[in-house]
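Visitor: Please see the structure below; I have some questions.
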2 protein chains.
Amino acid sequence: MTDVMDITRVRVSCKDCSLAELCLPRGLDAKDLQRFERVVGQKPPLKKGEIIYHAGDDFRALFAVKSGSLKIIMSQPDGEEQIIGFSMPGELFGFDGIEDVHSCSAVALERTSICELPLDAVSDIAREIPSLNRELYKVMANEISTDQSMLLLLARRSAEDRLAAFLLSLSRRFSSRGFSETDFVLSMPRHDIANYLGLAVETISRLFSRLAEENVVSANGRKVRIHSLDRLQQRVGDCAGNTANARSHA
Amino acid sequence: MTDVMDITRVRVSCKDCSLAELCLPRGLDAKDLQRFERVVGQKPPLKKGEIIYHAGDDFRALFAVKSGSLKIIMSQPDGEEQIIGFSMPGELFGFDGIEDVHSCSAVALERTSICELPLDAVSDIAREIPSLNRELYKVMANEISTDQSMLLLLARRSAEDRLAAFLLSLSRRFSSRGFSETDFVLSMPRHDIANYLGLAVETISRLFSRLAEENVVSANGRKVRIHSLDRLQQRVGDCAGNTANARSHA
DNA sequence: CGTTAATTTGATCATCTTCAACATGAGTGG
DNA sequence: CCACTCATGTTGAAGATGATCAAATTAACG
């Protein structure tokens with residue numbers, strides 16, 4: 001599976017971006033799109049582990065993932081950190097800073113390309129393009145309901161349910177980007193999955209083993225194959241639909 | 001402690017509202033405020049248990065709490081429900097609907113008065129008052145970081161830490177509204193606290209008992225007295241600052 | 001009052017964590 | 001190309017935190 005596309009190296013306009021339908025400017029007509037494009041900054045690709053912003057940084061912009069993936073983490077004074085979410089191509093991140101300074105940090109999980117959307121400029125434009133303004137609200141609202149679904153997952157569901165929900169979420173997100181919904185490669189280590197789901201690494205490992213015994217999912221390191229989406233879904237009890245960070249803003 | 005004020009029965013303008021400094025229009029000048037006021041709807045007080053909106057309802061408006069309090073709950077198909085947050089006077093709620101339909105329900109915990117802010121009208125005005133627009137973003141961003149702090153709490157903290165964080169959050173919110181930060185009355189039953197914190201009712205009860213033994217907090221039913229804010233804070237390890245639903249939008 | 005809901009306490013049980021050891025694998029320098 | 005190392009992943013056994021079950025106590029309210 002190719003998870004990094006080559007187009008990341010050239011200057012891409014939103015118009016030609018394969019992710020346009022998932023991104024903020026979707027629904028804009030050609031003229032408005034052009035205007036929007038002008039404020040979008042392209043950044044050189046990030047290496048694995050590179051940090052886009054730190055908790056405490058002044059807020060400058062929202063970002064969109066073009067390729068690759070990253071994690072959003074909230075650090076605690078005692079050094080512990082909590083992963084708040086993972087961002088995939090077509091998804092926006094950086095909302096944790098809109099209040100003024102970032103409360104989280106964003107870290108690339110692999111080679112990753114992103115666009116920069118300076119919020120001031122964007123919201124200036126949005127003032128004159130109501131549909132863009134509404135889209136901005138929706139994107140933020142989606143972030144809210146994603147986080148809230150995650151609250152439900154952490155508060156009420158068992159370890160097994162959590163992992164099932166996580167895998168289903170990834171499956172949906174890969175599928176809506178044209179990749180297989182049953183075969184994919186995780187860009188994060190077990191440790192990050194565990195942290196995100198509020199569990200111990202060992203638990204994740206054991207759960208993968210159990211899922212394999214039951215022929216629901218087989219995982220070989222980062223490579224995952226889902227054998228029965230149905231049985232995964234059953235486990236989760238299709239709770240809410242967009243569990244676990246499925247920034248689908250449909 | 002009086003937690004319902006009498007002014008709720010008369011038509012109040014934002015200008016005269018004691019919560020103006022906490023609410024959306026804070027920072028507006030007299031002229032803009034007047035304009036804002038015109039779209040704000042006043043609703044008759046809600047009785048305990050009354051529902052403001054159901055999950056599935058079309059989104060119409062955001063709401064502001066004038067007096068009383070309510071819980072925001074996300075229901076699951078299996079009948080289980082998860083409390084996403086509690087809203088206190090001066091706080092806004094309804095964000096779970098901005099995408100189109102509400103993903104949660106809002107239920108009054110006691111006699112409660114609210115204002116209605118139709119989002120279309122508000123964002124029309126906001127287009128011409130940039131500071132209001134920014135305030136709207138901030139209020140939503142605050143909701144996001146509140147939910148994210150809650151994720152951290154649920155994923156990484158022990159039962160005791162969670163209750164401590166919850167009580168501290170309430171303390172801060174009461175205090176910023178001019179009430180005592182050490183003596184207050186909970187508007188929700190133990191069952192709701194347990195649900196919110198992802199714990200069993202019995203656990204909450206035991207934790208209150210333990211906190212009493214240790215002379216940190218004494219609780220008599222809904223009446224709570226915090227004897228040592230310091231020691232509560234220590235437990236939580238001042239993680240992030242605005243843990244557990246502190247919609248302070250400072 | 002009497003009846004129901006809310007809260008507390010005790011005893012047992014399960015899930016998940018922790019600690020420990022081992023396996024696998026990728027990357028580095030010889 | 002191999003040996004070595006550090007990161008990652010797996011598995012087992014013991015332990016702890018919090019859930020569940022059961023029962024008693026208290027509070028709320030018609």
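By order of appearance in the structure tokens: chains A, B, ..., then residues from 1 within every chain, and ligands from 1 in the order shown.
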Mind dumping a table of every chain B residue within 10 Å of chain D, with the nearest atom pair and its distance in Å to one decimal, using only C-alpha atoms (C1' of nucleotides), sorted by chain and rising number, as JSON lines?

Guide:
```
{"residue": "B:Ser158", "atom": "CA", "partner": "D:DT17", "partner_atom": "C1'", "distance": 8.4}
{"residue": "B:Ala159", "atom": "CA", "partner": "D:DG18", "partner_atom": "C1'", "distance": 8.0}
{"residue": "B:Leu199", "atom": "CA", "partner": "D:DG18", "partner_atom": "C1'", "distance": 7.8}
{"residue": "B:Ala200", "atom": "CA", "partner": "D:DA19", "partner_atom": "C1'", "distance": 6.9}
{"residue": "B:Val201", "atom": "CA", "partner": "D:DA19", "partner_atom": "C1'", "distance": 9.9}
{"residue": "B:Glu202", "atom": "CA", "partner": "D:DA19", "partner_atom": "C1'", "distance": 8.9}
{"residue": "B:Thr203", "atom": "CA", "partner": "D:DG18", "partner_atom": "C1'", "distance": 7.2}
{"residue": "B:Gly221", "atom": "CA", "partner": "D:DA27", "partner_atom": "C1'", "distance": 8.7}
```

Visitor: Can you write just those residues out, C-alpha atoms, as a PDB file, in the first residue's frame?

Guide:
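Written out: again33.pdb:
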```
ATOM      1  CA  SER B 158      -7.626   7.440  38.617  1.00  0.00           C
ATOM      2  CA  ALA B 159     -11.103   7.573  40.055  1.00  0.00           C
ATOM      3  CA  LEU B 199     -17.315   5.461  37.197  1.00  0.00           C
ATOM      4  CA  ALA B 200     -19.888   3.555  39.230  1.00  0.00           C
ATOM      5  CA  VAL B 201     -22.160   5.360  41.689  1.00  0.00           C
ATOM      6  CA  GLU B 202     -20.776   3.274  44.514  1.00  0.00           C
ATOM      7  CA  THR B 203     -17.278   4.400  43.679  1.00  0.00           C
ATOM      8  CA  GLY B 221     -25.837  14.796  50.242  1.00  0.00           C
TER       9      GLY B 221
END
```

Visitor: For chain C against chain B, with a cut-off of 9 Å and counting only C-alpha atoms (C1' of nucleotides), what is the closest atom pair and its distance in Å to one decimal for every residue that makes the cut, ordered by chain and number, as JSON lines?

Guide:
```
{"residue": "C:DA6", "atom": "C1'", "partner": "B:Pro189", "partner_atom": "CA", "distance": 7.7}
{"residue": "C:DT7", "atom": "C1'", "partner": "B:Ser205", "partner_atom": "CA", "distance": 7.3}
{"residue": "C:DT8", "atom": "C1'", "partner": "B:Ser205", "partner_atom": "CA", "distance": 6.6}
{"residue": "C:DT9", "atom": "C1'", "partner": "B:Arg206", "partner_atom": "CA", "distance": 8.3}
```

Visitor: Could the residues of chain B within 7 Å of chain A, counting only C-alpha atoms, be given as JSON, numbers by chain, please?

Guide: {"B": [76, 77, 82, 84, 95, 96, 98, 99, 127, 138, 141, 142, 144, 145, 147, 148, 151, 152, 154, 155, 156, 197, 198, 239, 240]}

Visitor: So that I can check the secondary structure, give me every residue of segment 4-208 of chain B assigned helix (DSSP H, G or I) by backbone DSSP, as a PyMOL selection string.

Guide: chain B and resi 6-9+14-16+30-39+95-97+119-128+130-156+159-176+190-197+201-208

Visitor: Please indicate the distance in Å from atom CA of Ser176 of chain B to atom CA of Gly49 of chain B, rounded to one decimal place.

Guide: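 That distance, rounded to one decimal, is 26.1 Å.
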
Visitor: Which of segment 197-228 of chain A end up as strand (DSSP E) when DSSP is run on this backbone - answer as an NGL selection string?

Guide: :A and (217-220 or 223-226)

Visitor: Nearest residue to DT15 of chain C out of A:Glu116, A:Glu160, A:Asp57, A:Asp32, using only C-alpha atoms (C1' of nucleotides)?

Guide: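 Of the candidates, the smallest distance to DT15 of chain C is held by A:Glu160.
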
Visitor: One number please: atom CA of Ala165 of chain A to atom C1' of DC16 of chain C, in Å, one decimal.

Guide: 18.0 Å

Visitor: Smallest atom-to-atom distance to Gly68 of chain B: which of B:Val101, B:Val236, B:Leu186, B:Leu229, using only C-alpha atoms?

Guide: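 Nearest candidate to Gly68 of chain B out of B:Val101, B:Val236, B:Leu186, B:Leu229: B:Leu186.
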
Visitor: Need the shell around Ser180 of chain A: protein/DNA/RNA residues with any atom at most 10 Å away, counting only C-alpha atoms (C1' of nucleotides). Skip same-chain ones fewer than 6 positions apart. Format as a PyMOL selection string?

Guide: chain A and resi 1+171-174+225

Visitor: Could you write those residues out with C-alpha atoms, as an mmCIF file, in the first residue's frame?

Guide:
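File written: result_35.cif
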```cif
data_model
loop_
_atom_site.group_PDB
_atom_site.id
_atom_site.type_symbol
_atom_site.label_atom_id
_atom_site.label_comp_id
_atom_site.auth_asym_id
_atom_site.auth_seq_id
_atom_site.Cartn_x
_atom_site.Cartn_y
_atom_site.Cartn_z
ATOM 1 C CA MET A 1 0.000 0.000 0.000
ATOM 2 C CA SER A 171 -11.292 1.641 8.206
ATOM 3 C CA ARG A 172 -13.935 4.258 7.444
ATOM 4 C CA ARG A 173 -11.371 6.968 6.997
ATOM 5 C CA PHE A 174 -9.200 4.926 4.673
ATOM 6 C CA ARG A 225 -6.368 -6.907 7.812
#
```
